[in-house]
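One file, protein_3.cif, is given below (mmCIF, N, CA and C atoms).
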data_my_file
#
loop_
_atom_site.label_atom_id
_atom_site.label_comp_id
_atom_site.auth_asym_id
_atom_site.auth_seq_id
_atom_site.Cartn_x
_atom_site.Cartn_y
_atom_site.Cartn_z
N MET A 1 7.44 -8.80 31.11
CA MET A 1 7.80 -7.52 31.68
C MET A 1 8.86 -7.74 32.76
N LYS A 2 9.88 -6.93 32.76
CA LYS A 2 10.97 -7.04 33.72
C LYS A 2 10.54 -6.49 35.07
N VAL A 3 11.26 -6.91 36.11
CA VAL A 3 10.94 -6.49 37.48
C VAL A 3 10.93 -4.97 37.61
N ASN A 4 11.95 -4.30 37.06
CA ASN A 4 12.01 -2.85 37.18
C ASN A 4 10.81 -2.17 36.50
N GLU A 5 10.38 -2.72 35.38
CA GLU A 5 9.22 -2.16 34.68
C GLU A 5 7.94 -2.38 35.49
N ARG A 6 7.87 -3.52 36.12
CA ARG A 6 6.71 -3.86 36.95
C ARG A 6 6.65 -2.92 38.16
N VAL A 7 7.81 -2.65 38.77
CA VAL A 7 7.87 -1.74 39.91
C VAL A 7 7.34 -0.37 39.49
N ARG A 8 7.81 0.12 38.37
CA ARG A 8 7.37 1.43 37.88
C ARG A 8 5.86 1.45 37.64
N GLN A 9 5.38 0.43 36.97
CA GLN A 9 3.95 0.35 36.64
C GLN A 9 3.09 0.35 37.91
N ILE A 10 3.44 -0.47 38.87
CA ILE A 10 2.66 -0.56 40.11
C ILE A 10 2.76 0.74 40.90
N ARG A 11 3.96 1.31 40.96
CA ARG A 11 4.14 2.58 41.68
C ARG A 11 3.22 3.65 41.11
N LYS A 12 3.19 3.74 39.79
CA LYS A 12 2.36 4.75 39.13
C LYS A 12 0.88 4.53 39.41
N THR A 13 0.44 3.28 39.41
CA THR A 13 -0.98 3.01 39.69
C THR A 13 -1.35 3.38 41.12
N LYS A 14 -0.36 3.38 42.00
CA LYS A 14 -0.60 3.76 43.40
C LYS A 14 -0.51 5.27 43.60
N GLY A 15 -0.14 6.00 42.55
CA GLY A 15 -0.07 7.45 42.63
C GLY A 15 1.14 7.99 43.35
N LEU A 16 2.20 7.19 43.43
CA LEU A 16 3.43 7.64 44.09
C LEU A 16 4.47 8.06 43.05
N THR A 17 5.30 9.00 43.44
CA THR A 17 6.39 9.44 42.57
C THR A 17 7.67 8.71 42.95
N GLN A 18 8.68 8.85 42.10
CA GLN A 18 9.99 8.28 42.43
C GLN A 18 10.56 8.95 43.67
N VAL A 19 10.29 10.23 43.83
CA VAL A 19 10.76 10.96 45.02
C VAL A 19 10.11 10.36 46.27
N ASN A 20 8.79 10.09 46.21
CA ASN A 20 8.10 9.46 47.34
C ASN A 20 8.75 8.14 47.71
N MET A 21 8.99 7.33 46.71
CA MET A 21 9.56 6.00 46.95
C MET A 21 10.96 6.10 47.53
N ALA A 22 11.77 6.96 46.97
CA ALA A 22 13.14 7.13 47.46
C ALA A 22 13.14 7.56 48.92
N GLU A 23 12.25 8.48 49.26
CA GLU A 23 12.16 8.94 50.65
C GLU A 23 11.75 7.80 51.58
N LYS A 24 10.77 7.01 51.17
CA LYS A 24 10.30 5.90 52.00
C LYS A 24 11.37 4.81 52.15
N LEU A 25 12.20 4.65 51.13
CA LEU A 25 13.28 3.66 51.16
C LEU A 25 14.56 4.21 51.78
N ASN A 26 14.55 5.52 52.02
CA ASN A 26 15.72 6.20 52.59
C ASN A 26 16.95 6.05 51.69
N ILE A 27 16.73 6.26 50.40
CA ILE A 27 17.82 6.24 49.42
C ILE A 27 17.69 7.49 48.54
N PRO A 28 18.78 7.89 47.87
CA PRO A 28 18.68 9.05 46.97
C PRO A 28 17.70 8.77 45.82
N THR A 29 17.01 9.81 45.38
CA THR A 29 16.07 9.69 44.27
C THR A 29 16.77 9.16 43.01
N GLN A 30 17.98 9.62 42.77
CA GLN A 30 18.72 9.18 41.59
C GLN A 30 18.98 7.67 41.64
N THR A 31 19.25 7.15 42.82
CA THR A 31 19.46 5.71 42.98
C THR A 31 18.18 4.95 42.68
N TYR A 32 17.07 5.44 43.22
CA TYR A 32 15.79 4.79 42.96
C TYR A 32 15.46 4.83 41.47
N ASN A 33 15.70 5.97 40.84
CA ASN A 33 15.48 6.11 39.41
C ASN A 33 16.29 5.07 38.63
N SER A 34 17.51 4.84 39.04
CA SER A 34 18.37 3.85 38.38
C SER A 34 17.80 2.44 38.49
N TYR A 35 17.16 2.14 39.62
CA TYR A 35 16.52 0.83 39.76
C TYR A 35 15.37 0.69 38.76
N GLU A 36 14.53 1.70 38.69
CA GLU A 36 13.38 1.63 37.79
C GLU A 36 13.79 1.61 36.32
N LEU A 37 14.86 2.27 35.99
CA LEU A 37 15.33 2.30 34.60
C LEU A 37 16.13 1.05 34.22
N GLY A 38 16.42 0.21 35.21
CA GLY A 38 17.17 -1.02 34.95
C GLY A 38 18.67 -0.82 34.88
N ARG A 39 19.15 0.35 35.29
CA ARG A 39 20.59 0.60 35.31
C ARG A 39 21.26 -0.07 36.50
N ARG A 40 20.48 -0.33 37.54
CA ARG A 40 20.95 -1.05 38.72
C ARG A 40 20.02 -2.23 38.94
N LYS A 41 20.57 -3.33 39.39
CA LYS A 41 19.76 -4.51 39.71
C LYS A 41 19.03 -4.28 41.02
N ILE A 42 17.78 -4.68 41.06
CA ILE A 42 17.00 -4.57 42.29
C ILE A 42 17.19 -5.88 43.06
N TYR A 43 17.83 -5.79 44.20
CA TYR A 43 18.09 -6.98 45.00
C TYR A 43 16.83 -7.38 45.78
N VAL A 44 16.82 -8.61 46.27
CA VAL A 44 15.64 -9.19 46.89
C VAL A 44 15.14 -8.38 48.08
N GLU A 45 16.03 -7.98 48.95
CA GLU A 45 15.60 -7.22 50.13
C GLU A 45 14.91 -5.91 49.73
N LEU A 46 15.39 -5.28 48.68
CA LEU A 46 14.78 -4.04 48.22
C LEU A 46 13.38 -4.31 47.64
N ILE A 47 13.24 -5.41 46.91
CA ILE A 47 11.92 -5.77 46.37
C ILE A 47 10.94 -5.97 47.52
N LYS A 48 11.40 -6.60 48.59
CA LYS A 48 10.53 -6.80 49.75
C LYS A 48 10.07 -5.46 50.32
N GLU A 49 10.99 -4.53 50.44
CA GLU A 49 10.65 -3.20 50.97
C GLU A 49 9.69 -2.46 50.03
N ILE A 50 9.97 -2.54 48.74
CA ILE A 50 9.11 -1.88 47.74
C ILE A 50 7.70 -2.48 47.80
N ALA A 51 7.62 -3.80 47.88
CA ALA A 51 6.33 -4.48 47.95
C ALA A 51 5.55 -4.02 49.18
N GLU A 52 6.24 -3.89 50.29
CA GLU A 52 5.60 -3.45 51.52
C GLU A 52 5.08 -2.01 51.38
N ILE A 53 5.90 -1.13 50.83
CA ILE A 53 5.49 0.26 50.63
C ILE A 53 4.28 0.35 49.71
N LEU A 54 4.30 -0.44 48.64
CA LEU A 54 3.21 -0.40 47.67
C LEU A 54 2.03 -1.29 48.06
N ASP A 55 2.16 -1.97 49.21
CA ASP A 55 1.11 -2.84 49.71
C ASP A 55 0.70 -3.88 48.68
N GLU A 56 1.70 -4.57 48.15
CA GLU A 56 1.50 -5.61 47.14
C GLU A 56 2.32 -6.84 47.53
N PRO A 57 1.88 -8.03 47.15
CA PRO A 57 2.70 -9.22 47.41
C PRO A 57 3.95 -9.20 46.53
N VAL A 58 5.03 -9.73 47.04
CA VAL A 58 6.30 -9.76 46.30
C VAL A 58 6.13 -10.44 44.94
N GLU A 59 5.31 -11.47 44.91
CA GLU A 59 5.11 -12.24 43.68
C GLU A 59 4.61 -11.39 42.52
N LYS A 60 3.93 -10.32 42.83
CA LYS A 60 3.35 -9.47 41.79
C LYS A 60 4.42 -8.80 40.92
N PHE A 61 5.65 -8.75 41.40
CA PHE A 61 6.72 -8.09 40.66
C PHE A 61 7.44 -9.04 39.70
N PHE A 62 7.07 -10.30 39.72
CA PHE A 62 7.74 -11.30 38.89
C PHE A 62 6.78 -11.87 37.87
N GLU A 63 7.34 -12.57 36.90
CA GLU A 63 6.52 -13.22 35.88
C GLU A 63 5.53 -14.17 36.55
N GLU A 64 4.36 -14.28 35.98
CA GLU A 64 3.31 -15.10 36.55
C GLU A 64 3.69 -16.58 36.67
N LYS A 65 4.50 -17.08 35.78
CA LYS A 65 4.82 -18.51 35.77
C LYS A 65 5.98 -18.88 36.70
N ILE A 66 6.39 -17.99 37.54
CA ILE A 66 7.54 -18.24 38.40
C ILE A 66 7.34 -19.44 39.31
N TYR A 67 6.11 -19.75 39.72
CA TYR A 67 5.86 -20.82 40.66
C TYR A 67 5.38 -22.11 40.01
N GLU A 68 5.23 -22.13 38.70
CA GLU A 68 4.80 -23.34 38.03
C GLU A 68 5.96 -24.32 37.96
N THR A 69 5.63 -25.60 38.00
CA THR A 69 6.67 -26.62 37.97
C THR A 69 6.76 -27.27 36.60
N LYS A 70 7.85 -27.99 36.38
CA LYS A 70 8.03 -28.65 35.10
C LYS A 70 7.02 -29.78 34.91
N ASN A 71 6.39 -30.24 35.97
CA ASN A 71 5.40 -31.30 35.87
C ASN A 71 4.02 -30.79 35.50
N ASN A 72 3.88 -29.49 35.35
CA ASN A 72 2.59 -28.90 35.00
C ASN A 72 2.32 -29.13 33.52
N PRO A 73 1.27 -29.86 33.17
CA PRO A 73 0.98 -30.16 31.76
C PRO A 73 0.62 -28.92 30.95
N ASN A 74 0.25 -27.84 31.59
CA ASN A 74 -0.12 -26.63 30.87
C ASN A 74 1.10 -25.89 30.30
N LEU A 75 2.30 -26.31 30.66
CA LEU A 75 3.51 -25.64 30.19
C LEU A 75 4.02 -26.19 28.87
N VAL A 76 3.38 -27.19 28.32
CA VAL A 76 3.84 -27.83 27.09
C VAL A 76 3.66 -26.93 25.91
#
Rewrite the structure from the file as structure tokens, please.
Amino acid sequence: MKVNERVRQIRKTKGLTQVNMAEKLNIPTQTYNSYELGRRKIYVELIKEIAEILDEPVEKFFEEKIYETKNNPNLV
């Protein structure tokens, strides 16, 4: 699942709308919508802000294997 899809999924589970998120981020709703639809790249600082608003760790927005190393035998 892509970061933008993950953001949308988590936002919805928290019961927030795109309008709510845009207001909290102090950006236009259309801009926020573009992030969730993948039309705009979500930069790191924005992910941090989104994670804070949604009260989730930043890692939750990325693939689970992001922190595994090449020395991990489970990756074979």
Determine which residues of chain A DSSP labels as alpha helix (DSSP H) from the backbone of this structure, then write them out as an MDAnalysis selection string. chainID A and resid 3:13 18:25 29:37 44:54
Check which residues satisfy the PyMOL selection byres ((chain A and resi 48-64) around 8) in the file shown, then give them as a list in words.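 Selected by the PyMOL selection byres ((chain A and resi 48-64) around 8) here: Met1, Lys2, Val3, Asn4, Glu5, Arg6, Val7, Ile10, Arg11, Lys14, Met21, Lys24, Leu25, Tyr43, Val44, Glu45, Leu46, Ile47, Lys65, Ile66, Tyr67 and Glu68 of chain A.
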Contacts of Ala22 of chain A at 9 Å (only C-alpha atoms; same-chain gap of 5+ positions) as a ChimeraX atom specification: /A:17,27-33
